[in-house]
file coords.cif (mmCIF, C-alpha atoms)
data_model
loop_
_atom_site.label_atom_id
_atom_site.label_comp_id
_atom_site.auth_asym_id
_atom_site.auth_seq_id
_atom_site.Cartn_x
_atom_site.Cartn_y
_atom_site.Cartn_z
CA MET O 777 0.00 0.00 0.00
CA SER O 778 1.26 3.46 -0.89
CA GLY O 779 -0.33 6.82 -0.25
CA THR O 780 1.52 8.37 -3.16
CA PRO O 781 2.73 5.80 -5.74
CA VAL O 782 3.75 8.64 -8.08
CA GLU O 783 4.71 12.03 -6.70
CA ASN O 784 7.15 13.49 -9.19
CA ARG O 785 8.01 11.08 -12.00
CA LEU O 786 7.09 7.70 -13.41
CA MET O 787 10.34 6.07 -12.24
CA GLU O 788 8.81 6.05 -8.75
CA TYR O 789 6.09 3.72 -10.05
CA TRP O 790 8.76 1.47 -11.57
CA SER O 791 10.53 1.26 -8.17
CA ILE O 792 7.37 0.08 -6.40
CA MET O 793 6.52 -2.40 -9.16
CA GLU O 794 10.08 -3.75 -9.19
CA ALA O 795 9.72 -4.53 -5.48
CA THR O 796 6.30 -6.18 -5.79
CA ASN O 797 6.58 -7.80 -9.24
CA PRO O 798 10.30 -7.98 -10.11
CA GLY O 799 11.04 -7.77 -13.82
CA LEU O 800 7.47 -7.00 -14.90
CA LEU O 801 8.38 -3.58 -16.29
CA GLY O 802 11.91 -4.50 -17.35
CA SER O 803 15.08 -2.77 -16.27
CA ALA O 804 15.14 0.80 -14.96
CA THR O 805 16.95 1.98 -18.09
CA GLY O 806 14.53 0.18 -20.40
CA PHE O 807 11.50 1.57 -18.56
CA LYS O 808 12.93 5.08 -18.67
CA ASN O 809 13.55 4.89 -22.42
CA THR O 810 10.28 3.12 -23.26
CA PHE O 811 7.83 4.98 -21.03
CA ALA O 812 9.19 7.68 -18.71
CA GLN O 813 10.92 9.94 -21.23
CA PRO O 814 8.30 9.70 -24.02
CA ILE O 815 5.48 10.46 -21.54
CA GLU O 816 7.10 13.07 -19.30
CA ILE O 817 9.23 14.94 -21.83
CA GLU O 818 7.63 14.33 -25.23
CA HIS O 819 4.03 14.03 -23.95
CA ASP O 820 3.50 11.06 -26.29
CA GLU O 821 -0.19 10.17 -25.90
CA GLU O 822 0.13 6.79 -27.64
CA THR O 823 2.88 5.71 -25.24
CA ALA O 824 0.85 7.03 -22.31
CA GLU O 825 -2.12 4.90 -23.32
CA GLN O 826 0.14 1.87 -23.70
CA PHE O 827 1.52 2.49 -20.22
CA LYS O 828 -1.97 2.63 -18.75
CA ARG O 829 -2.92 -0.66 -20.43
CA VAL O 830 0.22 -2.38 -19.11
CA THR O 831 -0.10 -1.14 -15.53
CA ALA O 832 -3.90 -1.01 -15.01
CA PRO O 833 -4.25 -4.66 -13.88
CA PHE O 834 -1.69 -4.12 -11.10
CA ILE O 835 -3.02 -1.06 -9.31
CA LEU O 836 -6.19 -0.48 -7.31
CA ARG O 837 -6.55 3.24 -6.68
CA ARG O 838 -8.93 4.29 -3.92
CA LEU O 839 -9.48 7.90 -2.98
CA LYS O 840 -11.14 9.68 -0.06
CA THR O 841 -13.26 11.45 -2.65
CA ASP O 842 -14.82 8.10 -3.54
CA LYS O 843 -18.14 8.03 -1.66
CA ALA O 844 -18.00 4.24 -1.51
CA ILE O 845 -14.84 4.57 0.60
CA ALA O 846 -15.78 7.48 2.87
CA PRO O 847 -19.45 8.29 2.33
CA GLU O 848 -19.64 10.61 5.34
CA LEU O 849 -16.56 12.71 4.54
CA PRO O 850 -17.67 16.28 3.71
CA GLN O 851 -16.60 18.35 0.76
CA LYS O 852 -13.13 19.88 0.50
CA ILE O 853 -12.89 23.20 -1.35
CA SER O 854 -9.49 24.59 -2.41
CA THR O 855 -8.88 28.16 -3.47
CA ASP O 856 -5.74 30.06 -4.48
CA GLU O 857 -5.59 33.50 -2.90
CA TYR O 858 -3.32 35.78 -4.93
CA CYS O 859 -1.55 38.46 -2.93
CA THR O 860 0.21 41.62 -4.06
CA LEU O 861 3.76 42.59 -3.17
CA THR O 862 4.03 45.76 -1.13
CA LYS O 863 6.36 48.44 -2.46
CA GLU O 864 9.01 47.39 0.06
CA GLN O 865 8.68 43.71 -0.88
CA ALA O 866 8.90 44.45 -4.61
CA LEU O 867 12.07 46.54 -4.21
CA LEU O 868 13.72 43.91 -2.02
CA TYR O 869 12.68 41.06 -4.35
CA ASP O 870 14.07 42.87 -7.40
CA LYS O 871 17.32 43.69 -5.61
CA VAL O 872 17.93 40.05 -4.58
CA VAL O 873 17.09 38.70 -8.06
CA LYS O 874 19.45 41.12 -9.85
CA LYS O 875 22.31 40.52 -7.44
CA SER O 876 21.94 36.72 -7.66
CA LEU O 877 21.71 36.65 -11.47
CA GLU O 878 24.95 38.61 -11.63
CA GLN O 879 26.63 35.85 -9.59
CA ILE O 880 25.07 32.83 -11.35
CA ASN O 881 26.73 32.01 -14.68
CA ASP O 882 27.55 29.05 -16.91
CA GLY O 883 31.16 29.11 -15.75
CA MET O 884 30.15 27.73 -12.36
CA SER O 885 30.52 24.10 -11.49
CA PRO O 886 27.21 22.19 -11.30
CA MET O 887 27.56 21.98 -7.50
CA GLU O 888 28.15 25.72 -7.12
CA ARG O 889 25.29 26.57 -9.43
CA ARG O 890 22.90 24.21 -7.63
CA ALA O 891 23.74 25.75 -4.26
CA MET O 892 23.31 29.30 -5.59
CA VAL O 893 19.95 28.59 -7.23
CA LEU O 894 18.48 26.80 -4.22
CA THR O 895 19.67 29.58 -1.91
CA LEU O 896 18.08 32.16 -4.20
CA MET O 897 14.76 30.30 -4.25
CA MET O 898 14.70 30.18 -0.46
CA LYS O 899 15.45 33.90 -0.19
CA LEU O 900 12.66 34.79 -2.61
CA LYS O 901 10.15 32.61 -0.76
CA GLN O 902 11.10 34.35 2.49
CA ILE O 903 10.63 37.77 0.92
CA CYS O 904 7.23 36.72 -0.42
CA ASN O 905 6.24 35.72 3.11
CA ALA O 906 7.42 38.92 4.76
CA PRO O 907 10.49 41.14 4.35
CA ALA O 908 11.09 40.74 8.09
CA GLN O 909 11.66 37.00 7.65
CA TYR O 910 14.38 37.64 5.09
CA ALA O 911 16.07 40.69 6.65
CA LYS O 912 16.46 39.28 10.19
CA ASP O 913 17.95 42.60 11.37
CA GLY O 914 14.89 44.19 12.93
CA SER O 915 13.94 46.12 9.81
CA TYR O 916 10.51 45.65 8.24
CA ALA O 917 9.33 44.63 11.72
CA SER O 918 5.70 45.49 11.00
CA ALA O 919 3.13 43.26 9.28
CA GLU O 920 2.23 46.19 7.00
CA TYR O 921 5.30 45.48 4.84
CA SER O 922 3.90 42.07 3.82
CA GLY O 923 1.18 41.79 1.20
CA LYS O 924 0.52 38.23 2.36
CA MET O 925 -0.11 39.31 5.92
CA GLN O 926 -2.63 41.88 4.75
CA ARG O 927 -4.54 39.21 2.81
CA LEU O 928 -4.26 36.79 5.75
CA PHE O 929 -5.81 39.35 8.10
CA GLY O 930 -8.73 39.72 5.71
CA ILE O 931 -9.32 35.96 5.54
CA LEU O 932 -9.06 35.58 9.33
CA GLU O 933 -11.55 38.37 9.84
CA ASP O 934 -14.08 36.63 7.57
CA LEU O 935 -13.52 33.27 9.30
CA GLU O 936 -13.91 34.87 12.73
CA ALA O 937 -17.22 36.43 11.67
CA ALA O 938 -18.40 32.99 10.49
CA GLY O 939 -17.35 31.35 13.77
CA ARG O 940 -14.87 29.01 12.07
CA LYS O 941 -11.60 27.66 13.45
CA VAL O 942 -8.52 27.74 11.23
CA LEU O 943 -5.14 26.01 10.87
CA ILE O 944 -2.25 28.01 9.38
CA PHE O 945 0.67 26.01 7.94
CA THR O 946 4.13 27.39 7.16
CA GLN O 947 7.36 25.61 6.28
CA PHE O 948 9.44 28.18 8.19
CA ARG O 949 9.72 28.17 11.97
CA GLU O 950 10.75 31.84 11.98
CA MET O 951 7.67 32.73 9.94
CA GLY O 952 5.50 30.85 12.40
CA LYS O 953 6.83 33.03 15.20
CA LEU O 954 6.14 36.17 13.16
CA LEU O 955 2.59 34.94 12.53
CA GLN O 956 2.12 34.43 16.26
CA LYS O 957 3.34 37.93 17.00
CA TRP O 958 1.43 39.77 14.29
CA ILE O 959 -1.86 37.88 14.69
CA GLY O 960 -1.63 38.47 18.43
CA GLU O 961 -1.11 42.20 17.89
CA LYS O 962 -3.97 42.38 15.38
CA THR O 963 -6.57 40.31 17.23
CA GLY O 964 -5.51 40.58 20.87
CA SER O 965 -5.19 36.77 21.09
CA THR O 966 -1.85 35.07 20.38
CA PRO O 967 -2.31 31.65 18.73
CA LYS O 968 -0.33 28.57 19.73
CA PHE O 969 2.41 27.25 17.41
CA ILE O 970 3.25 23.55 16.93
CA HIS O 971 6.72 22.97 15.48
CA GLY O 972 9.57 20.48 15.80
CA GLY O 973 10.79 21.98 19.06
CA VAL O 974 7.51 21.41 20.92
CA ALA O 975 7.58 18.41 23.28
CA GLN O 976 5.02 15.65 22.71
CA LYS O 977 3.18 16.33 25.98
CA GLU O 978 2.86 20.05 25.22
CA ARG O 979 1.83 19.30 21.63
CA GLN O 980 -1.01 17.08 22.81
CA ALA O 981 -2.15 19.74 25.27
CA ILE O 982 -2.27 22.31 22.44
CA VAL O 983 -4.26 19.93 20.22
CA ASP O 984 -6.72 19.08 23.02
CA SER O 985 -7.27 22.75 23.80
CA PHE O 986 -7.85 23.62 20.14
CA GLN O 987 -10.31 20.76 19.73
CA THR O 988 -12.37 21.60 22.83
CA ASN O 989 -11.81 25.26 23.75
CA ARG O 990 -14.11 27.60 21.80
CA SER O 991 -11.78 30.55 22.40
CA ASP O 992 -8.91 28.86 20.51
CA LYS O 993 -9.75 30.06 17.00
CA VAL O 994 -6.34 29.90 15.27
CA LEU O 995 -3.55 27.33 15.41
CA ILE O 996 -0.21 27.73 13.60
CA LEU O 997 1.70 24.61 12.56
CA SER O 998 5.04 23.79 10.99
CA LEU O 999 4.39 21.94 7.73
CA LYS O 1000 6.91 19.18 8.43
CA ALA O 1001 6.34 18.79 12.18
CA ALA O 1002 2.54 18.67 11.94
CA GLY O 1003 2.06 16.97 8.57
CA THR O 1004 1.05 13.63 10.10
CA GLY O 1005 -0.35 12.16 13.26
CA LEU O 1006 -2.65 14.99 14.38
CA ASN O 1007 -6.43 15.05 14.51
CA LEU O 1008 -7.68 18.64 14.26
CA THR O 1009 -11.24 18.25 13.01
CA ALA O 1010 -12.41 21.28 15.01
CA ALA O 1011 -10.94 23.37 12.18
CA THR O 1012 -13.01 23.93 9.05
CA ALA O 1013 -10.50 26.20 7.32
CA ILE O 1014 -6.85 25.63 6.41
CA ILE O 1015 -4.42 28.28 5.22
CA HIS O 1016 -1.12 27.36 3.55
CA TYR O 1017 0.85 30.54 4.12
CA ASP O 1018 3.68 29.42 1.83
CA LEU O 1019 3.97 26.70 -0.82
CA TRP O 1020 6.19 23.63 -0.51
CA TRP O 1021 7.71 22.11 -3.67
CA ASN O 1022 5.85 18.83 -3.22
CA PRO O 1023 2.04 19.23 -3.13
CA ALA O 1024 1.68 15.80 -1.50
CA VAL O 1025 3.20 17.25 1.69
CA GLU O 1026 0.59 20.02 1.70
CA ASP O 1027 -2.19 17.50 1.10
CA GLN O 1028 -1.05 15.48 4.10
CA ALA O 1029 -1.10 18.63 6.22
CA SER O 1030 -4.61 19.51 5.02
CA ASP O 1031 -5.74 16.05 6.07
CA ARG O 1032 -5.27 17.06 9.72
CA ALA O 1033 -8.74 18.62 9.42
CA HIS O 1034 -10.25 16.85 6.39
CA ARG O 1035 -10.34 13.35 7.83
CA MET O 1036 -12.65 10.81 9.45
CA GLY O 1037 -14.63 12.59 12.15
CA GLN O 1038 -14.99 15.82 10.19
CA LYS O 1039 -18.67 16.70 9.81
CA ARG O 1040 -18.46 20.06 8.01
CA PRO O 1041 -17.04 21.19 4.65
CA VAL O 1042 -13.39 22.24 4.78
CA THR O 1043 -12.02 25.24 2.90
CA ILE O 1044 -8.33 25.31 1.96
CA TYR O 1045 -6.64 28.59 1.10
CA ARG O 1046 -3.22 28.72 -0.58
CA LEU O 1047 -1.60 32.16 -0.39
CA VAL O 1048 0.31 32.87 -3.60
CA MET O 1049 2.32 36.03 -4.27
CA ALA O 1050 1.30 37.12 -7.76
CA GLY O 1051 4.11 37.71 -10.26
CA SER O 1052 6.67 35.93 -8.10
CA VAL O 1053 8.44 32.57 -8.00
CA GLU O 1054 5.48 31.28 -5.96
CA GLU O 1055 3.26 31.44 -9.03
CA LYS O 1056 5.75 29.17 -10.81
CA ILE O 1057 5.72 26.76 -7.85
CA LEU O 1058 1.93 26.63 -8.16
CA ASN O 1059 2.30 25.59 -11.80
CA ILE O 1060 4.71 22.82 -10.76
CA HIS O 1061 2.14 21.66 -8.19
CA ASP O 1062 -0.53 21.38 -10.87
CA LYS O 1063 1.71 19.30 -13.13
CA LYS O 1064 2.72 16.95 -10.31
CA ARG O 1065 -0.91 16.42 -9.33
CA GLU O 1066 -1.78 15.59 -12.94
CA LEU O 1067 1.02 13.04 -13.11
CA ALA O 1068 -0.03 11.38 -9.86
CA ALA O 1069 -3.67 11.30 -10.95
CA ASP O 1070 -3.33 9.99 -14.50
CA PHE O 1071 0.29 8.81 -15.00
CA LEU O 1072 0.22 11.03 -18.07
CA GLU O 1073 1.91 14.35 -17.61
CA GLY O 1074 4.74 15.62 -15.48
CA THR O 1075 7.86 17.68 -15.47
CA SER O 1076 11.38 16.32 -15.63
CA SER O 1077 12.97 19.74 -15.34
CA SER O 1078 14.52 20.58 -12.01
CA VAL O 1079 14.95 24.14 -10.85
CA LYS O 1080 18.52 23.18 -10.00
CA SER O 1081 19.48 22.51 -13.63
CA LEU O 1082 17.75 25.29 -15.54
CA SER O 1083 19.51 27.11 -18.36
CA GLU O 1084 20.23 30.83 -18.06
CA GLU O 1085 17.15 31.64 -20.17
CA GLU O 1086 14.89 29.30 -18.17
CA LEU O 1087 16.17 30.65 -14.88
CA LEU O 1088 15.57 34.22 -16.00
CA ALA O 1089 12.02 33.33 -17.10
CA LEU O 1090 11.37 31.71 -13.73
CA LEU O 1091 12.47 34.75 -11.77
CA GLN O 1092 11.13 37.61 -13.88
#
call {"tool": "encode", "arguments": {"input": "coords.cif", "output": "structure tokens"}}
result
Amino acid sequence: MSGTPVENRLMEYWSIMEATNPGLLGSATGFKNTFAQPIEIEHDEETAEQFKRVTAPFILRRLKTDKAIAPELPQKISTDEYCTLTKEQALLYDKVVKKSLEQINDGMSPMERRAMVLTLMMKLKQICNAPAQYAKDGSYASAEYSGKMQRLFGILEDLEAAGRKVLIFTQFREMGKLLQKWIGEKTGSTPKFIHGGVAQKERQAIVDSFQTNRSDKVLILSLKAAGTGLNLTAATAIIHYDLWWNPAVEDQASDRAHRMGQKRPVTIYRLVMAGSVEEKILNIHDKKRELAADFLEGTSSSVKSLSEEELLALLQ
């Protein structure tokens, strides 16, 4: 049994099948040449159909959306909330992009280039979250410098008026602390934050309080630390403050509320900074979900190995 037999590329399916039915799909090299490359890179529909015919007898796919599996599970509604960079964010974003592109060139070794690109991506994601997360020097200390925070406040206000509890996920511990501080200042009530440094006993106490205490309206969670093992069905809204590269990780986090025991529809908000690298990450998410759903489409390009032109297009 596998929750995600294909997350990124078809070779993952070959690995599982090689373990369960050795030799059925041939060697790794043969499978890559016969199926993976034609489907993922060339988008060959004939090969894709052949692949589905070969593999269909060996996979039984069951989803939570199948009413025969979970007839009582309520609807899950996902929406992408596009945010606008503040003037300060835009200037900082542009400055970091220009400086990094001056340093990244084809003369670098693959290892140097990979490190530079990944570092740049992380910096840009931090700036999209809030300039204060990137600067770390006390500047931009107010939530007003972040377009995402302004949109988040609007969503929280609507959810509060509707009497709904909400989970906020972020991949950054430092951003979680900023969310605690700024939401506390805005609402007068500082939410709890579950992350990797929280002891198991304290974590359970936070979960129990959120599930039973009507005054606990917001709970902040680290994406990795809280992605599994928690039951938070008191929440009917989930906000992904920043996007992780792998959408399966976000889906697992969302399942903290959309799971057995949930009686009400769940709304999932993904905050996306318009015109930034986050919009490109969202496109990658869509392609990965299509591949996992149909074994048809995907992307073999890695952000670590982009050409100069592709990198520039990603960042502009």
call {"tool": "residues_around", "arguments": {"input": "coords.cif", "residues": "Ala812 in chain O", "least_positions_apart": "4", "cutoff": "8 Å", "atoms": "only C-alpha atoms", "output": "PyMOL selection string"}}
result
chain O and resi 785-787+807-808+816-817
call {"tool": "residues_around", "arguments": {"input": "coords.cif", "residues": "Gln902 in chain O", "least_positions_apart": "3", "cutoff": "10 Å", "atoms": "only C-alpha atoms", "output": "PyMOL selection string"}}
result
chain O and resi 869+896-899+905-911+948+950-951+1018
call {"tool": "atom_distance", "arguments": {"input": "coords.cif", "atom1": "CA of Val974 in chain O", "atom2": "CA of Thr1012 in chain O"}}
result
23.8 Å
call {"tool": "atom_distance", "arguments": {"input": "coords.cif", "atom1": "CA of Lys941 in chain O", "atom2": "CA of Asp1031 in chain O"}}
result
15.0 Å
call {"tool": "residues_around", "arguments": {"input": "coords.cif", "residues": "range 981-998 of chain O", "least_positions_apart": "3", "cutoff": "6 Å", "atoms": "all atoms listed in the file", "output": "list in words"}}
result
Lys941, Val942, Leu943, Ile944, Phe945, Thr946, Gln947, Pro967, Lys968, Phe969, Ile970, His971, Glu978, Ala1001, Ala1002 and Ala1010 of chain O
call {"tool": "atom_distance", "arguments": {"input": "coords.cif", "atom1": "CA of Glu864 in chain O", "atom2": "CA of Ser915 in chain O"}}
result
11.0 Å
call {"tool": "residues_near_point", "arguments": {"input": "coords.cif", "point": "(0.2, 30.2, 1.6)", "cutoff": "10 Å", "atoms": "all atoms listed in the file", "output": "mmCIF file with C-alpha atoms, in the frame of the given file"}}
result
data_model
loop_
_atom_site.group_PDB
_atom_site.id
_atom_site.type_symbol
_atom_site.label_atom_id
_atom_site.label_comp_id
_atom_site.auth_asym_id
_atom_site.auth_seq_id
_atom_site.Cartn_x
_atom_site.Cartn_y
_atom_site.Cartn_z
ATOM 1 C CA ASP O 856 -5.740 30.060 -4.480
ATOM 2 C CA GLU O 857 -5.590 33.500 -2.900
ATOM 3 C CA TYR O 858 -3.320 35.780 -4.930
ATOM 4 C CA CYS O 859 -1.550 38.460 -2.930
ATOM 5 C CA CYS O 904 7.230 36.720 -0.420
ATOM 6 C CA ASN O 905 6.240 35.720 3.110
ATOM 7 C CA LYS O 924 0.520 38.230 2.360
ATOM 8 C CA LEU O 928 -4.260 36.790 5.750
ATOM 9 C CA ILE O 944 -2.250 28.010 9.380
ATOM 10 C CA PHE O 945 0.670 26.010 7.940
ATOM 11 C CA THR O 946 4.130 27.390 7.160
ATOM 12 C CA GLN O 947 7.360 25.610 6.280
ATOM 13 C CA ILE O 1014 -6.850 25.630 6.410
ATOM 14 C CA ILE O 1015 -4.420 28.280 5.220
ATOM 15 C CA HIS O 1016 -1.120 27.360 3.550
ATOM 16 C CA TYR O 1017 0.850 30.540 4.120
ATOM 17 C CA ASP O 1018 3.680 29.420 1.830
ATOM 18 C CA LEU O 1019 3.970 26.700 -0.820
ATOM 19 C CA TRP O 1020 6.190 23.630 -0.510
ATOM 20 C CA ILE O 1044 -8.330 25.310 1.960
ATOM 21 C CA TYR O 1045 -6.640 28.590 1.100
ATOM 22 C CA ARG O 1046 -3.220 28.720 -0.580
ATOM 23 C CA LEU O 1047 -1.600 32.160 -0.390
ATOM 24 C CA VAL O 1048 0.310 32.870 -3.600
ATOM 25 C CA MET O 1049 2.320 36.030 -4.270
ATOM 26 C CA GLU O 1054 5.480 31.280 -5.960
#
call {"tool": "closest_residue", "arguments": {"input": "coords.cif", "among": "O:Met925, O:Leu954, O:Ile853, O:Leu800", "to": "Val830 in chain O", "atoms": "all atoms listed in the file"}}
result
O:Leu800
call {"tool": "residues_around", "arguments": {"input": "coords.cif", "residues": "Asp870 in chain O", "least_positions_apart": "2", "cutoff": "12 Å", "atoms": "only C-alpha atoms", "output": "number ranges by chain"}}
result
O: 861, 863-868, 872-877, 896, 899-900, 903-904, 1051-1053, 1091-1092
call {"tool": "resolve_selection", "arguments": {"input": "coords.cif", "expression": "the PyMOL selection byres ((chain O and resi 824) around 10)", "output": "VMD selection string"}}
result
chain O and resid 811 to 812 814 to 816 819 to 823 825 to 830 1070 to 1073
call {"tool": "closest_residue", "arguments": {"input": "coords.cif", "among": "O:Tyr916, O:Ala1013, O:Lys1000, O:Gly883", "to": "Leu932 in chain O", "atoms": "only C-alpha atoms"}}
result
O:Ala1013
call {"tool": "closest_residue", "arguments": {"input": "coords.cif", "among": "O:Leu801, O:Leu1008, O:Ala1050, O:Ala937", "to": "Ser1030 in chain O", "atoms": "only C-alpha atoms"}}
result
O:Leu1008
